[in-house]
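J.: Let me give you the structure first, and then I'll get to my questions.
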There are 2 protein chains.
Amino acid sequence: MNDRILVAPGDLLGDGVFETVHLRPSGPWLLDEHLARLSRSAAILDLPAPPLPPLTDLPESGAMRIIYTRNVLDVSVGPIPAQVLRERRDGVRVLSADQGISVRRRPPWSITAAKSLSYGENFSARRWAVRQGADDLVWLSTEGYVLEAPTASVVWLTGNELCTVPPAEAGILSGITAAHLLSLAPSVGLAPVERMITLDELASADAIWLASSLRGLAEVIELDGAPRPRSPWTSRLLALLGFFAIL
Amino acid sequence: MNDRILVAPGDLLGDGVFETVHLRPSGPWLLDEHLARLSRSAAILDLPAPPLPPLTDLPESGAMRIIYTRNVLDVSVGPIPAQVLRERRDGVRVLSADQGISVRRRPPWSITAAKSLSYGENFSARRWAVRQGADDLVWLSTEGYVLEAPTASVVWLTGNELCTVPPAEAGILSGITAAHLLSLAPSVGLAPVERMITLDELASADAIWLASSLRGLAEVIELDGAPRPRSPWTSRLLALLGFFAIL
């Protein structure tokens, strides 16, 4: 685990993959799933299968990042950013915005299904949302479908259906937290559903969350300027994900 | 100038900018233009204006890369890749392919006009072209306009008009080599023109080149499988760019 990494200049050109894992007293949360996605992402970028990263002496809390390029396999650990804890507790104000990309015309070389190091547009989109006075955004396809947030999956509740966007159909990153949550849904009487959704449908959902490894779930408390009531499900689903007492 | 750089893990997430400059006996080619574009790219990514990079003891040939992130300003020098020299001499076989992105719907946070470190899709697209048996590709917008190649501008000759794609209108990177070439066009009796072009129009041009700092011009000798005759203008324009004897 390094604070600093020695790399070749070419390693800085975004041609690699990464994962962010939530460290818990019980160990790295959903580690196998993250390592499997690291391998899938690597394959999309024509990288060799990643070796098992060195994962010894991990702390019982924090954020672990695994970075893998053609020359580097790095594991680093940092604190959970304060903003992540705040968003998990207080929710997020979210804008919707057309990404200008068609889900039906993803090119064959697309890397949007990989968690690639070419994360510049993700950062840029979030900075844009913050400049508009929001916390985050959800991307829409040119066809008007809800895709994902720059660093999170979109999850919503309609009646007893707990839903997320189908990654393969939408050409987006497969969300590990969202998939895990949906797998647990039946245990709390909810039916897991993957389906494409328009913005209007999303706005009429009973509750909306952004799901990611560190935030767990951040409830959408405002969508395009319209306030949304807090859902009693937020704390129940966070508990289901093991986020009760963990910071 | 470093072979290796010490970076924070976060520097590897593509949230920075770069330039590649051709080193010549007369000094770094078009250096002011490259530094100006580095600053423009930085502004698009909300980076502070870059300080002047350390540019002493530069060799008289080679490829210089300037990398700038929130924490790093690095200058490195390497040899001109053999493939670059080959493509300048022998030309390139090029495919056209829909990028799935609309030029009219570039989102406000788009970084496609910056030379960003999020270069993963550029590499992936070139690997795809090579798997199809070509050397490179040109991207088309969903509207059918020719945009750019992953690491080069598209330049073409129709009659006495030497043309390239208008960067602002197309939402693409402003090509320094292409702009410089067009500024010199009148000296060889050609009229410089910036305009949007469809694939059919491009295919009927008298000559097509991919323009970039290291290659200078690589003539398109095959477009979507159709061979194209070599143009007598290739060597004249390469000479105009100072590429006669320089390797």
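Each chain in the structure tokens gets a letter, A, B, ..., in the order shown, and its residues are numbered from 1; ligands are numbered from 1 in order too.
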Would you pick out the contacts of Leu58 of chain B at 10 Å or less, using only C-alpha atoms, so that residues sharing its chain but fewer than 5 positions from it are not included, and give the list as a list in words?

T.: Met1, Leu23, Arg24, Pro25, Gly27, Pro28, Met64, Ser76 and Val77 of chain B

J.: Go through chain A and flag each residue having an atom no more than 6 Å from chain B; for those, report the closest pair of atoms plus their distance in Å to one decimal, using only C-alpha atoms, ordered by chain and rising number, as JSON lines.

T.:
```
{"residue": "A:Arg4", "atom": "CA", "partner": "B:Ala8", "partner_atom": "CA", "distance": 4.7}
{"residue": "A:Ile5", "atom": "CA", "partner": "B:Val7", "partner_atom": "CA", "distance": 5.3}
{"residue": "A:Leu6", "atom": "CA", "partner": "B:Leu6", "partner_atom": "CA", "distance": 4.5}
{"residue": "A:Val7", "atom": "CA", "partner": "B:Ile5", "partner_atom": "CA", "distance": 5.3}
{"residue": "A:Ala8", "atom": "CA", "partner": "B:Arg4", "partner_atom": "CA", "distance": 4.7}
{"residue": "A:Leu12", "atom": "CA", "partner": "B:Leu12", "partner_atom": "CA", "distance": 5.3}
{"residue": "A:Leu13", "atom": "CA", "partner": "B:Leu117", "partner_atom": "CA", "distance": 4.6}
{"residue": "A:Gly14", "atom": "CA", "partner": "B:Ser118", "partner_atom": "CA", "distance": 4.7}
{"residue": "A:Asp15", "atom": "CA", "partner": "B:Gly120", "partner_atom": "CA", "distance": 4.5}
{"residue": "A:Gln99", "atom": "CA", "partner": "B:Pro107", "partner_atom": "CA", "distance": 5.8}
{"residue": "A:Gly100", "atom": "CA", "partner": "B:Arg105", "partner_atom": "CA", "distance": 5.0}
{"residue": "A:Ile101", "atom": "CA", "partner": "B:Ile101", "partner_atom": "CA", "distance": 5.0}
{"residue": "A:Ser102", "atom": "CA", "partner": "B:Gly100", "partner_atom": "CA", "distance": 5.9}
{"residue": "A:Arg105", "atom": "CA", "partner": "B:Gly100", "partner_atom": "CA", "distance": 5.0}
{"residue": "A:Arg106", "atom": "CA", "partner": "B:Gly100", "partner_atom": "CA", "distance": 5.6}
{"residue": "A:Pro107", "atom": "CA", "partner": "B:Gln99", "partner_atom": "CA", "distance": 5.8}
{"residue": "A:Trp109", "atom": "CA", "partner": "B:Ala125", "partner_atom": "CA", "distance": 5.1}
{"residue": "A:Leu117", "atom": "CA", "partner": "B:Leu13", "partner_atom": "CA", "distance": 4.7}
{"residue": "A:Ser118", "atom": "CA", "partner": "B:Ser118", "partner_atom": "CA", "distance": 3.8}
{"residue": "A:Tyr119", "atom": "CA", "partner": "B:Gly14", "partner_atom": "CA", "distance": 5.3}
{"residue": "A:Gly120", "atom": "CA", "partner": "B:Asp15", "partner_atom": "CA", "distance": 4.5}
{"residue": "A:Ser124", "atom": "CA", "partner": "B:Trp109", "partner_atom": "CA", "distance": 5.6}
{"residue": "A:Ala125", "atom": "CA", "partner": "B:Trp109", "partner_atom": "CA", "distance": 5.1}
{"residue": "A:Trp128", "atom": "CA", "partner": "B:Trp109", "partner_atom": "CA", "distance": 5.9}
```

J.: Got a sec: who's within 6 Å of Leu95 of chain A, counting only C-alpha atoms, leaving out chain neighbours fewer than 3 positions off, as a PDB file with C-alpha atoms, in the first residue's frame?

T.:
```pdb
ATOM      1  CA  LEU A 137     -26.134  14.505 -11.673  1.00  0.00           C
ATOM      2  CA  LEU A 223     -34.301  16.184  -8.587  1.00  0.00           C
ATOM      3  CA  ASP A 224     -33.950  19.036 -11.080  1.00  0.00           C
TER       4      ASP A 224
END
```

J.: For a quick check of understanding, using only C-alpha atoms, which of A:Ala113, A:Ile208, A:Val92, A:Ala218 has the smallest distance to Asp135 of chain A?

T.: A:Val92

J.: Please extract the residues of segment 37-141 of chain B with a backbone DSSP assignment of helix (DSSP H, G or I) and present them as number ranges by chain.

T.: B: 37-44, 82-90, 103-105, 120-131

J.: Quick one: DSSP strand (DSSP E or B) residues in segment 142-201 of chain B, as a PyMOL selection string?

T.: chain B and resi 145-146+149+152-158+161-164+191-194+198

J.: Mind giving me the straight-line distance from atom CA of Pro53 of chain B to atom CA of Leu73 of chain B in Å, one decimal?

T.: 6.9 Å

J.: Can you pull out every residue within 8 Å of Ser39 of chain B, counting only C-alpha atoms, but drop anything in the same chain fewer than 4 positions away, and send it as a ChimeraX atom specification?

T.: /B:35,43,49-50

J.: Would you write out those residues with N, CA and C atoms, as a CSV table (one decimal), in the first residue's frame?

T.:
```csv
chain,number,residue,atom,x,y,z
B,35,LEU,N,2.0,25.1,-25.8
B,35,LEU,CA,1.8,25.6,-24.4
B,35,LEU,C,0.5,26.3,-24.3
B,43,ALA,N,-7.9,24.9,-18.6
B,43,ALA,CA,-9.1,25.7,-18.3
B,43,ALA,C,-10.4,24.8,-18.4
B,49,ALA,N,-4.0,27.7,-14.2
B,49,ALA,CA,-3.1,27.8,-15.4
B,49,ALA,C,-1.8,27.1,-15.1
B,50,PRO,N,-1.3,26.4,-16.1
B,50,PRO,CA,-0.1,25.6,-15.8
B,50,PRO,C,1.1,26.6,-15.8
```

J.: With distances taken over only C-alpha atoms, which residue among A:Leu38, A:Leu238, A:Val94, A:Ile80 lies nearest Ala203 of chain A?

T.: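 Of A:Leu38, A:Leu238, A:Val94, A:Ile80, the one nearest Ala203 of chain A is A:Val94, counting only C-alpha atoms.
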
J.: In Å, rounded to a single decimal, give me how far atom CA of Thr151 of chain A is from atom CA of Arg228 of chain A.

T.: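 Atom-to-atom, atom CA of Arg228 of chain A and atom CA of Thr151 of chain A are spaced 21.5 Å apart.
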
J.: Mind giving me the straight-line distance from atom CA of Val72 of chain A to atom CA of Pro79 of chain B in Å, one decimal?

T.: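 Pair atom CA of Val72 of chain A / atom CA of Pro79 of chain B returns 22.1 Å.
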
J.: Quick one: residues within 8 Å of Gly175 of chain A, only C-alpha atoms counted, chain neighbours fewer than 3 positions away excluded, as a PyMOL selection string?

T.: chain A and resi 152-153+167+178-179+211-212

J.: Between B:Leu214, B:Val130, B:Val138, B:Val154, which is the closest to Trp29 of chain B once you count only C-alpha atoms?

T.: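 Between B:Leu214, B:Val130, B:Val138, B:Val154, the residue approaching Trp29 of chain B most closely is B:Leu214.
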
J.: Quick one: everything within 9 Å of segment 162-164 of chain B, counting only C-alpha atoms, minus sequence neighbours fewer than 6 positions away in the same chain. Send it as an MDAnalysis selection string.

T.: chainID B and resid 153:156 178:179 181:182 185 190:197

J.: Quick one: of B:Thr158, B:Gln83, B:Ser183, B:Ser235, who's nearest to Arg215 of chain B, counting only C-alpha atoms?

T.: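 Looking at the shortest contact to Arg215 of chain B, the residue is B:Gln83.
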